[in-house]
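These notes concern the structure reproduced below.
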Amino acid sequence: MGIADLYKLQQKASRTILGLMSGTSLDGLDIALCSFSGYGFETTVSLKHFITQPYSEEFKSQIRQVFSKRSVDLEQLTVLNAHIGRVHASLINKTLEEWGIDPVEVDLIASHGQTVYHAPASLHKIKEMPNATLQIGDGDHIAAGTGIITISDFRQKHLAAGGEGAPLAAYGDILLFSSKDENRMMLNIGGISNFSFLPAQNSKNQFISTDAGPGNTLMDLFVRLRFGKSYDDNASIARSGRCSQPLLTALSDHPFFNLDVPKTTGPELFNLEYLQQSQKESGTQNISDEDVLATLNRFTAESIARTIKLCMKTVEPFTIYASGGGISNPLLLENIKEALPGTTVKSTASLGIDPDAKEAVLFAALANECIAPKKISFKGRSKMPEVRMGKISLPD
């Protein structure tokens with residue numbers, strides 16, 4: 001299998017692409033089987049199957065040893081790069097067997113990999129050093145383990161072209177979800193929250209894509225620490241507490257929120273140390289755990305609303321289409337709606353895409369663009385780098 005095979009894929013009327021996403025929650029590997037036709041703004045996609053294959057506790061523990069830490073065991077990081085690739089290949093093979101699909105029916109795998117550190121210059125502040133980010137889970141191991149051409153490590157080209165390596169979902173958003181008549185806000189609430197604003201075709205407004213701040217990460221970290229659970233199911237814990245205004249004010253007082261957009265962030269900033277420092281500054285070390293979680297929920301919602309309001313000052317009405325694990329938190333959605341009165345909030349399911357599958361689908365779209373006859377042209381709709389992203393791994 002070689003370059004000629006990529007040319008053949010490029011000429012096909014439709015391509016079957018398996019999109020993979022493993023986020024900061026480490027709950028498992030999102031696997032989305034998609035059928036694509038066309039490229040660029042002529043792209044159409046159909047989601048055929050979707051599943052999240054859960055990770056073992058041992059595997060989660062191994063990743064947490066290197067995740068979002070400035071100092072790690074270099075040997076552990078090195079072996080995990082290969083190990084994650086092998087584990088992902090095994091989960092892919094298992095999934096295709098469960099779906100009754102022969103691997104030869106899949107044209108490409110699009111692998112996001114596992115982010116272990118995100119370091120934009122605004123965060124690391126190391127003189128003369130560029131924006132940087134690191135995802136591991138080697139694509140060659142996935143290709144060799146599945147027999148399927150794999151495209152991975154998408155974020156590095158974005159960095160090389162002057163971006164911050166995130167949020168890349170914007171590329172898929174603008175290609176798949178732009179509307180002729182409706183202003184759309186594609187809001188993803190994963191570990192970190194981000195959004196893409198897609199102005200209607202005849203609108204004079206500009207496309208915007210940026211991170212907004214924490215999504216689930218602070219809430220999940222605190223629930224794991226204090227309640228021994230992976231997340232606050234149905235927001236039952238947060239609902240039993242009350243928001244602390246002093247703590248909320250301290251949490252919200254960070255230079256990140258005053259940076260111009262686009263901007264990016266990660267758990268390297270919004271973590272338990274950030275929470276502890278905010279509690280110290282606000283004198284709220286002794287409030288109940290339930291009150292802390294209620295405050296974190298409100299903080300997440302207001303961080304999202306704050307960035308949206310900053311970007312949407314002159315924009316006529318728009319509809320929010322939400323995705324990611326955060327939309328399963330009913331209190332978070334209530335807080336977002338309260339912070340953005342009059343704004344309609346829907347799930348991406350209303351656009352035909354499972355909200356849990358959306359990020360995996362969007363990386364499949366980036367793989368589709370990687371082999372396209374020409375690179376994306378936004379035709380003045382966006383100032384994002386017009387680049388193909390992803391590194392190609394052939395199975396043999």
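Every chain in the structure tokens has a letter given in the order shown (A, B, ...), and although residue numbers restart at 1 in each chain, ligands are simply numbered from 1 in the order shown.
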
>> For the structure I just gave you, how does DSSP split stretch 105-213 of chain A - specifically, which residues are alpha helix (DSSP H)? Reply as a VMD selection string.
In response: chain A and resid 121 to 124 139 to 146 155 to 160 169 to 176

Which residues are close to stretch 149-159 of chain A, i.e. within 6 Å by only C-alpha atoms, leaving aside same-chain residues fewer than 6 positions away? Reply as a CSV table (one decimal) with C-alpha atoms, in the first residue's frame.
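Okay, this is what ended up in result.csv:
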```
chain,number,residue,atom,x,y,z
A,108,LEU,CA,-8.9,5.8,6.4
A,109,ILE,CA,-8.5,6.1,10.2
A,110,ALA,CA,-8.4,9.7,11.6
A,111,SER,CA,-6.7,9.6,15.0
A,112,HIS,CA,-6.6,12.6,17.3
A,139,GLY,CA,-0.2,6.5,14.1
A,143,ALA,CA,-1.9,1.5,10.9
A,165,GLY,CA,-2.9,23.9,17.7
A,389,MET,CA,-3.4,18.7,8.7
A,390,GLY,CA,-2.3,15.3,9.6
A,391,LYS,CA,0.6,12.9,9.1
A,392,ILE,CA,0.0,9.8,7.0
A,393,SER,CA,1.0,6.3,8.2
A,394,LEU,CA,0.8,3.5,5.7
A,395,PRO,CA,0.2,0.0,7.1
```

> Quick one: of A:Asn234, A:Ser252, A:Thr284, A:Thr265, who's nearest to A:Leu333, counting only C-alpha atoms?
Replying inline: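 So, comparing all the options, the nearest one is A:Asn234.
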
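Counting only C-alpha atoms and comparing A:Thr344, A:Ser282, A:Gln277, A:Asn329, the residue that lies closest to A:Asn183 is A:Thr344.
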
>> Calculated over only C-alpha atoms, which of the candidates A:Phe227, A:Phe197, A:Tyr171, A:Trp99 has the smallest distance to A:Ala364?
In response: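 Result for the nearest residue to A:Ala364: A:Tyr171.
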
> Distance atom CA of A:Ile308-atom CA of A:Pro262, one decimal place?
Replying inline: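 Interatomic distance, atom CA of A:Ile308 to atom CA of A:Pro262: 11.7 Å.
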
> From the list A:Leu259, A:Ile148, A:Ala212, A:Ile189, which residue is nearest A:Asp5 when using only C-alpha atoms?
Replying inline: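 Ranked by minimum distance to A:Asp5, first place goes to A:Ile148.
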
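Rounded to one decimal, atom CA of A:Gly326 and atom CA of A:Gln201 lie 28.9 Å from each other.
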
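Backbone DSSP over stretch 183-343 of chain A gives strand (DSSP E) for Arg184, Met185, Met186, Leu187, Asn188, Ile189, Ile192, Ser193, Asn194, Phe195, Ser196, Phe197, Leu198, Ile208, Ser209, Thr210, Asp211, Ala212, Gly213, Pro214, Thr319, Ile320, Tyr321, Ala322 and Ser323 of chain A.
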
>> For a test of reading the model, state the distance in Å between atom CA of A:Val79 and atom CA of A:Thr115, rounded to one decimal.
In response: 15.0 Å

> In terms of the shortest atom-to-atom distance over only C-alpha atoms, which of A:Arg86, A:Lys346, A:Lys375, A:Arg242 is closest to A:Asn188?
Replying inline: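 Closest candidate: A:Lys346.
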
>> Taking only C-alpha atoms into account, name the residue in A:Lys280, A:Thr78, A:Leu168, A:Leu218 that is nearest to A:Pro385.
In response: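 Once distances to A:Pro385 are computed over only C-alpha atoms, the minimum belongs to A:Leu168.
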
>> So that I can see what lies close to A:Arg224, please list as a list in words the residues with an atom at most 12 Å from it, counting only C-alpha atoms and leaving out residues fewer than 5 positions away in the same chain.
In response: Ser25, Asn216, Thr217, Leu218, Met219, Lys229, Ser230, Tyr231, Asp232, Asp233, Leu272, Asp289 and Leu293 of chain A

Filtering to C-alpha atoms, could you give me those residues as a PDB file, in the first residue's frame?
```pdb
ATOM      1  CA  SER A  25     -11.861  12.828  30.684  1.00  0.00           C
ATOM      2  CA  ASN A 216     -15.882  19.430  32.552  1.00  0.00           C
ATOM      3  CA  THR A 217     -12.278  19.252  33.699  1.00  0.00           C
ATOM      4  CA  LEU A 218     -12.473  21.112  37.023  1.00  0.00           C
ATOM      5  CA  MET A 219     -15.784  19.532  37.996  1.00  0.00           C
ATOM      6  CA  LYS A 229     -16.711   9.171  41.226  1.00  0.00           C
ATOM      7  CA  SER A 230     -15.816   9.872  37.611  1.00  0.00           C
ATOM      8  CA  TYR A 231     -18.327  12.702  37.246  1.00  0.00           C
ATOM      9  CA  ASP A 232     -21.368  14.330  38.844  1.00  0.00           C
ATOM     10  CA  ASP A 233     -24.120  12.140  37.401  1.00  0.00           C
ATOM     11  CA  LEU A 272      -7.074  21.396  41.277  1.00  0.00           C
ATOM     12  CA  ASP A 289     -17.747  20.093  48.936  1.00  0.00           C
ATOM     13  CA  LEU A 293     -19.022  21.804  43.056  1.00  0.00           C
TER      14      LEU A 293
END
```
